Structures are given as C-alpha cells and as structure tokens.
Amino acid sequence: MVDVARAIVKYLENEGVEYIFGLPGAQTCPLYDALYDSHIKNILVRHEQCAAYMADAYAKLTGKPGLCLATTGPGATNLVTGVYLSFTDSTPTIFITGQNATSVLDKGWMQECDHLSLFKPITKWNTTLLEPSRVNETFHKIFRVAQEGRPGPVHVDIPINVFQAEAGQQTQGLDARYHRPQGKPCADPAVITRIAALLLAAQRPVMLVGGGTIYTTNPATAEIIELAELLALPVAMTFNGFGAIPTGHPLCLGRVGMHALPWANEHLYEADLILALGCKFSSTGTNNYKAINKETKIVQVDIDPDRIGKNYPVEVGVVGDVRSTLQALIAVLKREAIDNSVREQFVESIKTSKQKWEAAWAPIATSDQIPIKPQRLIHELSKFFVRDTIYTGDSGNIHYWPTYEGSFGPKTWINSGAAAPMGYALPAAIACKLVKPEQNVVAIIGDGGFAMTCQELATAVQHENPIIVIIMNNNSLGYIQHFQKVAFKERYSGSLFKNPDFALMAQAFGCYGERVSEPGAIRPALQRAYEATRNGQPAVLDVIIDPDEMLPGFVELYS
C-alpha cells in the first residue's frame, strides 16, 4: 500500500502538474520524499513568500493552477501575502501546508499554528485532510474550486501523521473528468441580442477588458480582437487586463485608470457605452472612480455575480464566461448589417490623441539627462526587446512605468496586480522563465522591491534560470517619496535609504551584474546582459534613475 504523501504525488502527476514551488520543513518531509521519485520538478526557494509569488505567476502565464508547498507555523505565515495576491487577482493557485501530528494539536507544540483561521478570508476553499481514504476526493475538489467560476487560491492543511498513513482504498478514482463540470456558462440568447442592439446603436462605445479576460482557463483574447474589428470598437485595458489586445493594434486605446495616459482616460470618459469584460471597476482601473462618466451606459460580463453592478450601475449585467459570451455575441452581430462610419470617427479621434502624446513623449524618452529618466530606460527596453519578451512588474512606480511604451500582447505583462506587493517581479520572472525557456524574461523592479526578494537570485542560479533583472534604482521608496512630496509638503519620513551596490551583490550570487548611470550606457549594458543569459547566466542591471520624476497624473491625483 502507498502512503498518503505518495497518493498525493500520484494525483498531482495525473493532473499534469509540472512544478511545485516551496521550502521544506519537518512536517512536509514525507511529501518531499515522495517527490524524490516523481517527474514533478521541485523548485526550492529561499523564502516561502517567493514560492507563493512563483505559483501565482505560473498560473497567470499558463492558466493552470500553480502549486506551492510550505511547512507549519512560519512556513505557512510566510505564504500569506502571496495567497492574498492570488485571491485579489483571481489566480488559480493551490497551497499545501504541513501540520503537526494530530496527537499533539492544540498542546502548544513547536511552531503550532491554526492554519485554517489564517487562510480563511483569502481563499476560495480552505480545508484539512484528515481521512487517508479521501486523498483523491479532496484533491478533485481542490483543483475544481481553484479553476471553476471566479478562479482563486485553495489551501489544504495536512498533519505529518496523515502524510505517513496508508492511503488505502480511495473513495474516488483518479480520473478528474468525472468530478468536473462540462462547458462554460453563457448569457440567455435574448440578453445577447439586447447587448448586440446596444452596441450597434452606440456612437462612441469602448470595450473595457480586465484580468478576467486573460487570467482564466478560457482566455478571450482572440474574441476581443474579433469583436473590436467587427464593430470598429476601441479597446481599453485595466491594469490586470493589460496586453489582452496587442498594444500596437490600431483599436487599442491602451491602459486606463490610475496613472494612465490622460488621453486614454479622457476617451473612456467620452464613451456612451462601455462593454466591460472580466473587470471589477477597481479604484486602480477607474482612476479612483473618475474615469467613467455617470451617464455612460454599461454592459458588464463577469463570471462572478458579486461583481455585477457592484461599483457602477449596469444597463445589462451578465453572469457568465467572457469568451463564451463573446462568441455568442459575435455570432449574432455577424447576421446584422453593420455600419461603422460613426464609430470610425471616434476611433480617428483616438488615433489623433495618441499621435499627439507620442510626439510629446519622444523628447523625454530620448533624454540624455543624468540621472537617467525612467522614460528613457523604458524606451531603451522597448527598442532592445522588440519581440518574444515577457515582462514581470512590481509595485509602486514600477507598477506603471513599463506600460507607457513597448509592444505588449496577451500574457507578456505578468504583474503584482491589485494587491501590488513589493518584490514580486523577481520570483515571478523565475516562474515565467521555467514555463517559457525560449523567450526573454525581464523583471522590472524598484530598489525597494529588489531588496525584499533579492535572495531568489540564488534560486535562479541554482535552477539555471537565465532571467534579466532591471532595477530602477532611485535610492528611495519612490512612490511614497512622491506622495510625501505632494501631500505632506516634502516631509520625507521613512522613504529614503542608502542602497548597497546591487551589481556587486548580483555577482556574489553568481549572476552577471552591472551598474548603469548614464543614458548612453543603457543599450550596451542590455546587450551584455542579454549575452550573459544566452550563456545560461542570470543578469542584473542596477540602473540609477531620477528620483524626482513622477508618474503622469501624480500631482492631480494626490494634491
């Protein structure tokens, strides 16, 4: 008979799991021992929080659940920020924690912790496996809950003696097909017909797409482009929806919301109809609820009924899968006589605004000022990595700068989302490079964020994971410093610090490391970093940027 740990590994193998991200402890050693004989790759991290970030990034990039493993007590508590991130971003992730033996629970045993209470508010389902015969049954539900409906994190706690117990005869078989729903929910045909009529009647419609169109088991990116081209329909993207339509597409309005380019928000405000797909109308996506006119009609499609009409009243609210709904909508529209002449005038006005912005952006994007302008760094990155590149983003100013220029498409911008924890970009890049070894993977991170997770450079080196890390180094918590400048009369408290030499630190880890302090040195440094990765070595560029350069709209937002 096999024990529970080996029964779990067998289930995970049958499910097609490729990687488990984690750090072992005594209570999880039985499962690690079972993984020793498995083809599942165990990615050993230096901190459990980074394992959670890797699982989140893996899920965002692949659409499949990311798995994470941690021991009891501090191992589990270190996961919390990453679990919270997956919960806010609706990312399908699975967290397995080890627990003390059932015979000593609630007796003050070393590292004792109530994991269920810890994870309850930030998971879709949260359980303890106590019955060895229910391994398959429990994991069927874990994978089902993580992926179906609004995706999200699931947590299972397993005591060490349960790991070691004989699994016995299972209550359910391994085949998941008998324990999963078939098909995707879609709107009633009459509702689809009504939405089609609203779109055809609108003169200035805008499609607003969120993370629910990308980070799902059924991404709708192809349907978004097809509908946009069918109706001459501009597409605006929330932060999590960024890349749902390629940024170079003529109907791409760009990212809207907080610190978006002003013209993008202005055209969203001008819309007479918004078709909102998989977005929650958060403060970030709506510029603190200022980017949408209260007179604008809204059609909202979301898999989660709680989101319908939550922040804005809707003309039509659809609880359903975005892709299935768009497929039905496109089929109805193709039977109609479509006149796009009025909508094309709106599209032309958007093109004119974009051209004016590009002309205004160009001088600062090519500036030779020292310290380096963030715009110049982003410009150089966009010119060097013109294709086949996945970017991972971080918090604060780094949350936004990379989105102003460059070529982004579906799942080429993997970011720290609504939770926006610092330090996400580096471990996320490691996960992305595992999945897409043939593509360039570039982590863009601030000096504050890098200091939080830089230990994972050791993970990248150990697993021969040649990512490129770009540190936007302003010797401060830039976003907070700017906030204090605008809202607190330049009374800087706790936002300025002195950094070590990050390039030397990277070299000590075994990476290529270089400090860049002049604009003209950016491109040659990128070439050297790229060549290092071609030889299998991770690379870190510590770029010294202007600490005073603020994001667009910063003063207006916080003054």
# chains A, B, ... in the order shown; residues from 1 in each chain; ligands from 1

$ residues_around --residues "segment 347-357 of chain A" --least-positions-apart "6" --cutoff "10 Å" --atoms "only C-alpha atoms" --output "list of chain:residue names"
A:Arg204, A:Pro205, A:Val206, A:Ala232, A:Leu233, A:Pro234, A:Pro250, A:Leu251, A:Cys252, A:Leu253, A:Gly254, A:Leu261, A:Pro262, A:Trp263, A:Ala264, A:Glu266, A:His267, A:Ser341

$ residues_around --residues "Ser559 of chain A" --least-positions-apart "4" --cutoff "6 Å" --atoms "only C-alpha atoms" --output "PyMOL selection string"
chain A and resi 486-487+555

$ closest_residue --among "A:Ala57, A:Ala187, A:Ile43, A:Ala418" --to "Asp89 of chain A" --atoms "only C-alpha atoms"
A:Ala418

$ select_by_dssp --residues "segment 366-548 of chain A" --states "alpha helix (DSSP H)" --output "number ranges by chain"
A: 374-384, 425-435, 447-453, 457-462, 478-487, 502-509, 522-534

$ write_last_selection --atoms "C-alpha atoms" --output "CSV table (one decimal), in the first residue's frame"
chain,number,residue,atom,x,y,z
A,374,PRO,CA,12.6,56.5,-16.2
A,375,GLN,CA,11.1,57.2,-19.6
A,376,ARG,CA,14.5,56.8,-21.3
A,377,LEU,CA,15.0,53.5,-19.6
A,378,ILE,CA,11.6,52.2,-20.7
A,379,HIS,CA,12.2,53.5,-24.2
A,380,GLU,CA,15.5,51.6,-24.4
A,381,LEU,CA,14.0,48.4,-23.1
A,382,SER,CA,11.2,48.7,-25.7
A,383,LYS,CA,13.7,49.2,-28.5
A,384,PHE,CA,16.0,46.4,-27.4
A,425,ALA,CA,8.8,40.8,-10.2
A,426,LEU,CA,12.0,38.8,-9.5
A,427,PRO,CA,10.4,35.5,-8.3
A,428,ALA,CA,7.6,35.9,-10.9
A,429,ALA,CA,10.3,36.1,-13.6
A,430,ILE,CA,11.8,32.8,-12.5
A,431,ALA,CA,8.5,31.1,-12.8
A,432,CYS,CA,7.9,32.6,-16.2
A,433,LYS,CA,11.3,31.5,-17.5
A,434,LEU,CA,10.6,27.9,-16.3
A,435,VAL,CA,7.5,27.9,-18.5
A,447,ASP,CA,15.4,49.1,-5.5
A,448,GLY,CA,13.0,48.7,-2.5
A,449,GLY,CA,11.3,45.7,-4.1
A,450,PHE,CA,14.6,44.1,-5.1
A,451,ALA,CA,15.9,44.4,-1.5
A,452,MET,CA,12.9,42.3,-0.4
A,453,THR,CA,13.4,39.3,-2.6
A,457,LEU,CA,18.9,35.3,-7.4
A,458,ALA,CA,20.3,32.2,-5.7
A,459,THR,CA,17.3,30.3,-6.8
A,460,ALA,CA,17.7,31.5,-10.4
A,461,VAL,CA,21.4,30.4,-10.4
A,462,GLN,CA,20.7,27.0,-8.8
A,478,GLY,CA,9.8,56.3,-4.9
A,479,TYR,CA,6.0,56.2,-4.9
A,480,ILE,CA,5.9,57.0,-1.2
A,481,GLN,CA,8.5,59.7,-1.5
A,482,HIS,CA,6.4,61.4,-4.3
A,483,PHE,CA,3.3,61.0,-2.2
A,484,GLN,CA,5.0,62.7,0.7
A,485,LYS,CA,6.2,65.5,-1.6
A,486,VAL,CA,2.8,66.2,-2.9
A,487,ALA,CA,0.5,65.5,0.1
A,502,PHE,CA,23.3,45.7,-6.2
A,503,ALA,CA,25.6,44.9,-9.2
A,504,LEU,CA,28.3,43.5,-6.9
A,505,MET,CA,25.6,41.7,-4.9
A,506,ALA,CA,24.4,40.0,-8.1
A,507,GLN,CA,27.9,38.9,-8.9
A,508,ALA,CA,28.2,37.4,-5.5
A,509,PHE,CA,25.1,35.3,-6.2
A,522,ILE,CA,21.8,51.5,-21.3
A,523,ARG,CA,21.8,49.8,-24.7
A,524,PRO,CA,25.4,48.3,-24.4
A,525,ALA,CA,24.6,47.1,-20.9
A,526,LEU,CA,21.4,45.4,-22.2
A,527,GLN,CA,23.4,43.7,-24.9
A,528,ARG,CA,25.9,42.4,-22.3
A,529,ALA,CA,23.1,41.2,-20.0
A,530,TYR,CA,21.4,39.5,-23.0
A,531,GLU,CA,24.6,37.7,-23.9
A,532,ALA,CA,25.1,36.5,-20.4
A,533,THR,CA,21.6,35.0,-20.4
A,534,ARG,CA,22.4,33.3,-23.7

$ closest_residue --among "A:Ala328, A:Ala420, A:Ile94, A:Ile338" --to "Thr284 of chain A" --atoms "only C-alpha atoms"
A:Ala420

$ closest_residue --among "A:Cys454, A:Cys113, A:Ala101, A:Ala197" --to "Arg335 of chain A" --atoms "only C-alpha atoms"
A:Ala197

$ residues_around --residues "Lys294 of chain A" --least-positions-apart "6" --cutoff "12 Å" --atoms "only C-alpha atoms" --output "PDB file with N, CA and C atoms, in the first residue's frame"
ATOM      1  N   LEU A 268     -12.138  57.259 -22.580  1.00  0.00           N
ATOM      2  CA  LEU A 268     -13.027  56.361 -21.843  1.00  0.00           C
ATOM      3  C   LEU A 268     -14.189  57.152 -21.257  1.00  0.00           C
ATOM      4  N   TYR A 269     -13.911  58.346 -20.761  1.00  0.00           N
ATOM      5  CA  TYR A 269     -14.955  59.191 -20.168  1.00  0.00           C
ATOM      6  C   TYR A 269     -15.959  59.645 -21.234  1.00  0.00           C
ATOM      7  N   GLU A 270     -15.508  59.779 -22.483  1.00  0.00           N
ATOM      8  CA  GLU A 270     -16.383  60.216 -23.574  1.00  0.00           C
ATOM      9  C   GLU A 270     -17.310  59.108 -24.071  1.00  0.00           C
ATOM     10  N   ALA A 271     -17.044  57.874 -23.699  1.00  0.00           N
ATOM     11  CA  ALA A 271     -17.817  56.745 -24.220  1.00  0.00           C
ATOM     12  C   ALA A 271     -19.294  56.870 -23.858  1.00  0.00           C
ATOM     13  N   ASP A 272     -20.167  56.525 -24.805  1.00  0.00           N
ATOM     14  CA  ASP A 272     -21.599  56.490 -24.489  1.00  0.00           C
ATOM     15  C   ASP A 272     -22.043  55.084 -24.079  1.00  0.00           C
ATOM     16  N   LEU A 273     -21.177  54.087 -24.325  1.00  0.00           N
ATOM     17  CA  LEU A 273     -21.449  52.718 -23.897  1.00  0.00           C
ATOM     18  C   LEU A 273     -20.120  52.030 -23.587  1.00  0.00           C
ATOM     19  N   ILE A 274     -20.059  51.353 -22.457  1.00  0.00           N
ATOM     20  CA  ILE A 274     -18.879  50.563 -22.105  1.00  0.00           C
ATOM     21  C   ILE A 274     -19.284  49.097 -22.015  1.00  0.00           C
ATOM     22  N   ASN A 311     -19.873  48.425  -8.355  1.00  0.00           N
ATOM     23  CA  ASN A 311     -19.315  49.773  -8.253  1.00  0.00           C
ATOM     24  C   ASN A 311     -19.950  50.773  -9.203  1.00  0.00           C
ATOM     25  N   TYR A 312     -20.612  50.277 -10.246  1.00  0.00           N
ATOM     26  CA  TYR A 312     -21.342  51.136 -11.185  1.00  0.00           C
ATOM     27  C   TYR A 312     -22.652  50.445 -11.560  1.00  0.00           C
ATOM     28  N   PRO A 313     -23.735  51.204 -11.710  1.00  0.00           N
ATOM     29  CA  PRO A 313     -24.987  50.592 -12.175  1.00  0.00           C
ATOM     30  C   PRO A 313     -24.833  50.121 -13.615  1.00  0.00           C
ATOM     31  N   VAL A 314     -25.503  49.027 -13.955  1.00  0.00           N
ATOM     32  CA  VAL A 314     -25.344  48.455 -15.289  1.00  0.00           C
ATOM     33  C   VAL A 314     -26.664  48.471 -16.054  1.00  0.00           C
TER      34      VAL A 314
END

$ decode --residues "segment 124-212 of chain A" --atoms "C-alpha atoms" --output "PDB file, in the first residue's frame"
ATOM      1  CA  LYS A 124     -11.931  30.102  -2.062  1.00  0.00           C
ATOM      2  CA  TRP A 125     -11.763  26.869  -0.091  1.00  0.00           C
ATOM      3  CA  ASN A 126      -9.744  26.024   2.974  1.00  0.00           C
ATOM      4  CA  THR A 127      -9.629  22.524   4.458  1.00  0.00           C
ATOM      5  CA  THR A 128      -7.707  19.922   6.426  1.00  0.00           C
ATOM      6  CA  LEU A 129      -7.079  16.423   5.087  1.00  0.00           C
ATOM      7  CA  LEU A 130      -7.581  14.003   7.978  1.00  0.00           C
ATOM      8  CA  GLU A 131      -9.006  10.881   6.323  1.00  0.00           C
ATOM      9  CA  PRO A 132      -6.384   8.978   4.265  1.00  0.00           C
ATOM     10  CA  SER A 133      -9.004   7.364   2.024  1.00  0.00           C
ATOM     11  CA  ARG A 134     -10.174  10.778   0.780  1.00  0.00           C
ATOM     12  CA  VAL A 135      -6.989  11.967  -0.977  1.00  0.00           C
ATOM     13  CA  ASN A 136      -8.431  11.789  -4.500  1.00  0.00           C
ATOM     14  CA  GLU A 137     -11.791  13.148  -3.374  1.00  0.00           C
ATOM     15  CA  THR A 138     -10.174  16.107  -1.617  1.00  0.00           C
ATOM     16  CA  PHE A 139      -7.830  16.955  -4.471  1.00  0.00           C
ATOM     17  CA  HIS A 140     -10.612  16.661  -7.055  1.00  0.00           C
ATOM     18  CA  LYS A 141     -12.376  19.426  -5.164  1.00  0.00           C
ATOM     19  CA  ILE A 142      -9.177  21.442  -4.690  1.00  0.00           C
ATOM     20  CA  PHE A 143      -8.478  21.578  -8.427  1.00  0.00           C
ATOM     21  CA  ARG A 144     -12.147  22.123  -9.286  1.00  0.00           C
ATOM     22  CA  VAL A 145     -12.645  25.024  -6.880  1.00  0.00           C
ATOM     23  CA  ALA A 146      -9.359  26.694  -7.841  1.00  0.00           C
ATOM     24  CA  GLN A 147     -10.308  26.802 -11.532  1.00  0.00           C
ATOM     25  CA  GLU A 148     -14.079  26.964 -11.855  1.00  0.00           C
ATOM     26  CA  GLY A 149     -16.169  30.132 -11.652  1.00  0.00           C
ATOM     27  CA  ARG A 150     -14.031  33.008 -10.468  1.00  0.00           C
ATOM     28  CA  PRO A 151     -10.611  31.324 -10.071  1.00  0.00           C
ATOM     29  CA  GLY A 152      -8.654  31.708  -6.877  1.00  0.00           C
ATOM     30  CA  PRO A 153      -6.437  30.150  -4.231  1.00  0.00           C
ATOM     31  CA  VAL A 154      -7.267  26.979  -2.325  1.00  0.00           C
ATOM     32  CA  HIS A 155      -5.473  25.786   0.807  1.00  0.00           C
ATOM     33  CA  VAL A 156      -5.194  22.299   2.295  1.00  0.00           C
ATOM     34  CA  ASP A 157      -3.531  21.566   5.637  1.00  0.00           C
ATOM     35  CA  ILE A 158      -2.121  18.056   6.190  1.00  0.00           C
ATOM     36  CA  PRO A 159      -0.726  16.763   9.511  1.00  0.00           C
ATOM     37  CA  ILE A 160       2.529  14.828   9.275  1.00  0.00           C
ATOM     38  CA  ASN A 161       0.993  11.591  10.555  1.00  0.00           C
ATOM     39  CA  VAL A 162      -1.667  11.782   7.841  1.00  0.00           C
ATOM     40  CA  PHE A 163       1.071  12.150   5.201  1.00  0.00           C
ATOM     41  CA  GLN A 164       2.621   8.963   6.595  1.00  0.00           C
ATOM     42  CA  ALA A 165      -0.597   6.947   6.924  1.00  0.00           C
ATOM     43  CA  GLU A 166      -1.564   4.287   4.389  1.00  0.00           C
ATOM     44  CA  ALA A 167      -3.845   5.769   1.755  1.00  0.00           C
ATOM     45  CA  GLY A 168      -5.928   2.600   1.491  1.00  0.00           C
ATOM     46  CA  GLN A 169      -8.891   2.225  -0.841  1.00  0.00           C
ATOM     47  CA  GLN A 170      -9.823   5.674  -2.152  1.00  0.00           C
ATOM     48  CA  THR A 171     -13.412   6.950  -2.085  1.00  0.00           C
ATOM     49  CA  GLN A 172     -12.992   8.296  -5.639  1.00  0.00           C
ATOM     50  CA  GLY A 173     -10.863   7.328  -8.624  1.00  0.00           C
ATOM     51  CA  LEU A 174      -8.045   9.355 -10.162  1.00  0.00           C
ATOM     52  CA  ASP A 175      -9.875  10.427 -13.324  1.00  0.00           C
ATOM     53  CA  ALA A 176     -10.886  14.056 -12.817  1.00  0.00           C
ATOM     54  CA  ARG A 177     -13.319  14.046 -15.759  1.00  0.00           C
ATOM     55  CA  TYR A 178     -15.989  12.526 -13.562  1.00  0.00           C
ATOM     56  CA  HIS A 179     -15.671  15.296 -10.986  1.00  0.00           C
ATOM     57  CA  ARG A 180     -15.582  18.474 -13.108  1.00  0.00           C
ATOM     58  CA  PRO A 181     -18.344  20.496 -14.780  1.00  0.00           C
ATOM     59  CA  GLN A 182     -18.510  20.452 -18.572  1.00  0.00           C
ATOM     60  CA  GLY A 183     -18.902  23.593 -20.683  1.00  0.00           C
ATOM     61  CA  LYS A 184     -18.934  27.262 -19.684  1.00  0.00           C
ATOM     62  CA  PRO A 185     -21.869  29.451 -18.579  1.00  0.00           C
ATOM     63  CA  CYS A 186     -23.214  31.926 -21.132  1.00  0.00           C
ATOM     64  CA  ALA A 187     -25.989  34.530 -21.251  1.00  0.00           C
ATOM     65  CA  ASP A 188     -29.510  33.820 -22.426  1.00  0.00           C
ATOM     66  CA  PRO A 189     -29.882  34.374 -26.231  1.00  0.00           C
ATOM     67  CA  ALA A 190     -32.368  37.202 -25.646  1.00  0.00           C
ATOM     68  CA  VAL A 191     -29.809  39.009 -23.484  1.00  0.00           C
ATOM     69  CA  ILE A 192     -27.127  38.538 -26.145  1.00  0.00           C
ATOM     70  CA  THR A 193     -29.470  40.050 -28.732  1.00  0.00           C
ATOM     71  CA  ARG A 194     -30.086  43.057 -26.476  1.00  0.00           C
ATOM     72  CA  ILE A 195     -26.345  43.620 -25.990  1.00  0.00           C
ATOM     73  CA  ALA A 196     -25.837  43.463 -29.759  1.00  0.00           C
ATOM     74  CA  ALA A 197     -28.527  46.110 -30.266  1.00  0.00           C
ATOM     75  CA  LEU A 198     -26.927  48.409 -27.687  1.00  0.00           C
ATOM     76  CA  LEU A 199     -23.525  48.091 -29.348  1.00  0.00           C
ATOM     77  CA  LEU A 200     -24.893  48.760 -32.828  1.00  0.00           C
ATOM     78  CA  ALA A 201     -26.739  51.850 -31.608  1.00  0.00           C
ATOM     79  CA  ALA A 202     -23.762  53.308 -29.741  1.00  0.00           C
ATOM     80  CA  GLN A 203     -21.720  56.066 -31.381  1.00  0.00           C
ATOM     81  CA  ARG A 204     -18.752  56.068 -29.014  1.00  0.00           C
ATOM     82  CA  PRO A 205     -18.594  52.577 -27.491  1.00  0.00           C
ATOM     83  CA  VAL A 206     -15.492  51.313 -25.701  1.00  0.00           C
ATOM     84  CA  MET A 207     -14.640  47.767 -24.709  1.00  0.00           C
ATOM     85  CA  LEU A 208     -13.065  47.711 -21.227  1.00  0.00           C
ATOM     86  CA  VAL A 209     -11.194  44.476 -20.545  1.00  0.00           C
ATOM     87  CA  GLY A 210      -9.818  43.234 -17.234  1.00  0.00           C
ATOM     88  CA  GLY A 211      -7.853  40.312 -15.875  1.00  0.00           C
ATOM     89  CA  GLY A 212     -10.887  38.039 -16.241  1.00  0.00           C
TER      90      GLY A 212
END
